[in-house]
Every structure is written in structure tokens, then in C-alpha cells.
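Participant: Quick one: the structure is below, questions incoming.
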Amino acid sequence: MKTTEQSSYYEHLDAMTTREILEGINEEDRRVPVAVAEAIPAIEKLVDGIVERVPKGGRVFYTGAGTSGRLGIVDASEIPPTYGVLDTFIGIMAGGDGAIRNAVEGAEDDAEQGWLDLQEFNLTPNDVLVGITASGGAPYVVGAIKKAREFGMLTGAITNNEGSAVAEAAEVAMVAKVGPEFVTGSTRMKSGTSAKLILNMISTASMIRLGHVKGNKMVDMQLTNKKLVDRGTRMIMEGTGITDYEEAKSMLLKYGQVRAAVDAYNKNK
């Protein structure tokens with residue numbers, strides 16, 4: 001039996017107090033970062049592959065079903081505002097955009113549709129496909145990974161079952177062995193948390209390696225709200241030595257991003 005389908009370590013959840021339930025969930029959640037740490041060598045291999053391919057026009061596609069698909073879409077959607085990079089990380093999921101909010105019955109069981117959904121993006125061998133499936137057996141994901149690998153793309157899998165179909169199909173298998181869920185089979189819990197952590201690591205490490213962070217600052221972030229304008233203004237003050245807040249803010253709004261403003265200041269000094 002797959003680890004993600006094994007019975008919870010906890011019995012009689014329905015007889016627990018609220019405190020007992022919360023403490024039990026928290027105890028299980030503590031296992032997640034330990035399991036993710038064991039997958040770091042595989043995550044490193046995938047990130048290095050991404051860093052090699054993106055400058056050649058490659059993109060990173062996340063594909064999944066249900067919770068896994070939604071997590072991929074969330075991570076991909078946060079790259080443009082955080083790092084100012086468009087159309088480099090792209091999330092798709094079984095059932096299409098409608099499945100983001102509502103489950104689409106049977107969508108993950110179609111082994112051909114995952115690859116078909118990717119065809120609208122004019123794929124090249126420089127692209128990367130990361131399949132996300134807690135069980136490791138979602139046909140939508142496994143089928144896409146197999147086709148992508150045949151096509152010459154770098155393929156990675158985020159899963160919670162060692163030796164699963166997706167782990168065997170992908171070139172790089174990132175397996176977080178988090179153990180049975182607190183509620184038996186509810187992989188939106190520990191398994192979903194591990195997937196989110198790994199996605200954070202993949203996208204963040206890739207963006208840092210590709211030059212979108214200077215020091216520890218998001219110098220290419222989009223100015224989409226007042227908080228980010230304020231953050232950017234202070235980053236410019238720190239990066240240039242300007243002490244006047246309004247002057248720094250004016251520069252930020254003129255050039256549209258921290259990096260451009262700081263570069264212009266240094267050029268004109």
C-alpha cells in the first residue's frame with residue numbers, strides 16, 4: 001500500500017478534543033521539513049537544470065491534479081510580482097482553470113490530456129516539466145511526464161511515495177516521505193505542505209541563481225501595491241545611501257523597479 005494511503009497513526013479522531021486534534025496535526029506537521037530535507041539533492045539537480053535552460057528560452061511548467069495542481073498554479077502565479085519575470089513559470093492542472101475552485105470529476109484519470117494541455121505553449125526541449133502528485137500515480141501527470149521526457153524536456157516529479165509511477169517516469173524524483181496523513185488519505189495536509197515547500201525551494205532558488213535577487217532583496221519585484229512601493233523605496237535608500245524618502249520614492253516610480261533605479265543612480269553619480 002502507498003504510504004499516503006496508509007492508516008493514520010491516530011485513532012478515534014472523532015472522540016478527540018479540539019486541543020488534541022490540533023496538537024496531533026501539529027505533531028505530524030513537524031515531520032514535513034525533515035522529509036523535505038532528504039529530497040534536497042534531487043531538488044538541487046532540478047534547479048541546476050532550470051538555471052541552465054531558462055537563459056536559452058526555457059520555461060518551467062508545473063502540472064498536477066486537485067491540491068497538487070492548485071499548489072503549482074499558486075507558485076507559478078507569484079513569480080511575476082515577486083521577481084518581475086513573466087511567462088517563465090507556468091502552472092496547469094487537470095480539468096483546466098475551472099478546477100482551481102471546483103473539483104472536475106475524473107480529470108486526473110486521463111493519461112493523454114496532460115500532454116495535450118501543454119501543446120498550446122509551443123514546447124521546446126529547453127522547457128522543464130515538474131509533475132506534482134502526492135500518490136505518484138495520477139495518470140494526467142504521469143502521462144505528461146512520460147511524453148515530455150520522450151520529447152527531450154527535463155522532467156521532475158514531486159511526490160510522497162518512493163518508487164511510484166511518476167518517480168519512475170521522471171528524470172529527477174523529489175520524494176518527501178512524510179508518512180500517513182493525520183486524517184487517513186487526506187493528502188492536502190502533510191503531502192500538500194511538503195509540495196508547497198519544495199515548490200518554494202525550486203522557484204526561489206532558480207530566481208536567485210538567475211540574478212533576480214541582489215544581496216537578499218527582490219530588486220525586480222513589481223510595484224503592485226503601496227506596501228511594495230514602500231519596500232522598494234527603502235531598498236533604494238539602502239542601496240544608494242539616499243536619505244530622503246520622497247526622493248527615493250520618486251526614483252522608484254520613475255524607473256519602475258528597484259534595480260533600474262539603483263543602476264541609474266550609480267550611473268549618474
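In the C-alpha cells, the first chain shown is A, the next is B, and so on; residue numbers restart at 1 for each chain, and ligands run from 1 in the order shown.
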Compile the contact shell of Ile145 (chain A) as a short mmCIF file (atom, residue, chain, number, x, y, z; two decimals) with N, CA and C atoms, in the first residue's frame: residues with an atom at most 7 Å away, counting only C-alpha atoms, same-chain residues fewer than 5 positions apart removed.
Facilitator:
```cif
data_model
loop_
_atom_site.label_atom_id
_atom_site.label_comp_id
_atom_site.auth_asym_id
_atom_site.auth_seq_id
_atom_site.Cartn_x
_atom_site.Cartn_y
_atom_site.Cartn_z
N LEU A 129 9.39 20.28 -17.20
CA LEU A 129 8.08 19.91 -16.69
C LEU A 129 8.24 19.28 -15.31
N GLY A 131 6.02 17.47 -12.50
CA GLY A 131 4.74 16.85 -12.18
C GLY A 131 4.57 16.75 -10.68
N THR A 155 12.55 16.60 -16.85
CA THR A 155 11.33 16.30 -16.11
C THR A 155 11.64 16.05 -14.64
N ALA A 169 9.01 7.62 -13.75
CA ALA A 169 8.93 8.23 -15.08
C ALA A 169 9.80 9.45 -15.23
N ALA A 170 9.97 10.23 -14.15
CA ALA A 170 10.69 11.50 -14.23
C ALA A 170 12.20 11.30 -14.14
#
```
Participant: Near region 101-114 of chain A, within 6 Å and counting only C-alpha atoms, which residues show up once chain neighbours fewer than 3 positions away are dropped, as a ChimeraX atom specification?
Facilitator: /A:65,94-95,117,138-140,143-144
Participant: Would you work out the distance separating CA of Gln222 (chain A) from CA of Lys254 (chain A), expressed in Å to one decimal?
Facilitator: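 These atoms are spaced 13.2 Å apart.
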Participant: By how many Å are CA of Tyr255 (chain A) and CA of Met237 (chain A) apart?
Facilitator: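 Pair CA of Tyr255 (chain A) / CA of Met237 (chain A) returns 14.5 Å.
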Participant: Could you pull out the strand (DSSP E) residues of region 14-253 of chain A, going by DSSP on the backbone, and write them as number ranges by chain?
Facilitator: A: 60-64, 89-93, 128-132, 154-159, 172-175
Participant: List every residue of region 74-171 of chain A that has an atom at most 9 Å from any atom of region 184-195 of chain A, giving for each one its closest atom pair and the distance in Å to one decimal, counting only C-alpha atoms, sorted by chain and then by ascending residue number, as a Markdown table.
Facilitator:
```
| residue | atom | partner | partner_atom | distance |
| --- | --- | --- | --- | --- |
| A:Ile132 | CA | A:Ala195 | CA | 7.5 |
| A:Thr133 | CA | A:Ala195 | CA | 8.7 |
| A:Ala134 | CA | A:Ser191 | CA | 6.0 |
| A:Ser135 | CA | A:Thr187 | CA | 8.2 |
| A:Ile158 | CA | A:Ala195 | CA | 6.5 |
| A:Thr159 | CA | A:Ala195 | CA | 7.5 |
| A:Asn160 | CA | A:Ser191 | CA | 6.4 |
```
Participant: Please, could you write that set of residues out with N, CA and C atoms as a PDB file, in the first residue's frame?
Facilitator:
```pdb
ATOM      1  N   ILE A 132       3.396  17.117 -10.198  1.00  0.00           N
ATOM      2  CA  ILE A 132       3.129  17.107  -8.758  1.00  0.00           C
ATOM      3  C   ILE A 132       1.977  16.149  -8.494  1.00  0.00           C
ATOM      4  N   THR A 133       2.234  15.098  -7.769  1.00  0.00           N
ATOM      5  CA  THR A 133       1.190  14.145  -7.415  1.00  0.00           C
ATOM      6  C   THR A 133       1.587  13.434  -6.128  1.00  0.00           C
ATOM      7  N   ALA A 134       0.838  13.654  -5.074  1.00  0.00           N
ATOM      8  CA  ALA A 134       1.178  13.071  -3.776  1.00  0.00           C
ATOM      9  C   ALA A 134       1.268  11.552  -3.853  1.00  0.00           C
ATOM     10  N   SER A 135       0.283  10.936  -4.477  1.00  0.00           N
ATOM     11  CA  SER A 135       0.262   9.481  -4.586  1.00  0.00           C
ATOM     12  C   SER A 135       1.326   8.972  -5.539  1.00  0.00           C
ATOM     13  N   ILE A 158       7.392  15.764  -8.024  1.00  0.00           N
ATOM     14  CA  ILE A 158       7.226  15.992  -6.589  1.00  0.00           C
ATOM     15  C   ILE A 158       6.169  15.011  -6.105  1.00  0.00           C
ATOM     16  N   THR A 159       6.555  14.108  -5.225  1.00  0.00           N
ATOM     17  CA  THR A 159       5.641  13.067  -4.786  1.00  0.00           C
ATOM     18  C   THR A 159       5.965  12.639  -3.365  1.00  0.00           C
ATOM     19  N   ASN A 160       5.111  11.823  -2.797  1.00  0.00           N
ATOM     20  CA  ASN A 160       5.306  11.379  -1.415  1.00  0.00           C
ATOM     21  C   ASN A 160       5.409   9.868  -1.298  1.00  0.00           C
TER      22      ASN A 160
END
```
Participant: Gly241 (chain A): which residues within 12 Å, counting only C-alpha atoms, same-chain residues fewer than 6 positions away excluded, as an NGL selection string?
Facilitator: :A and (233-235 or 247-248 or 262 or 265-266 or 269)
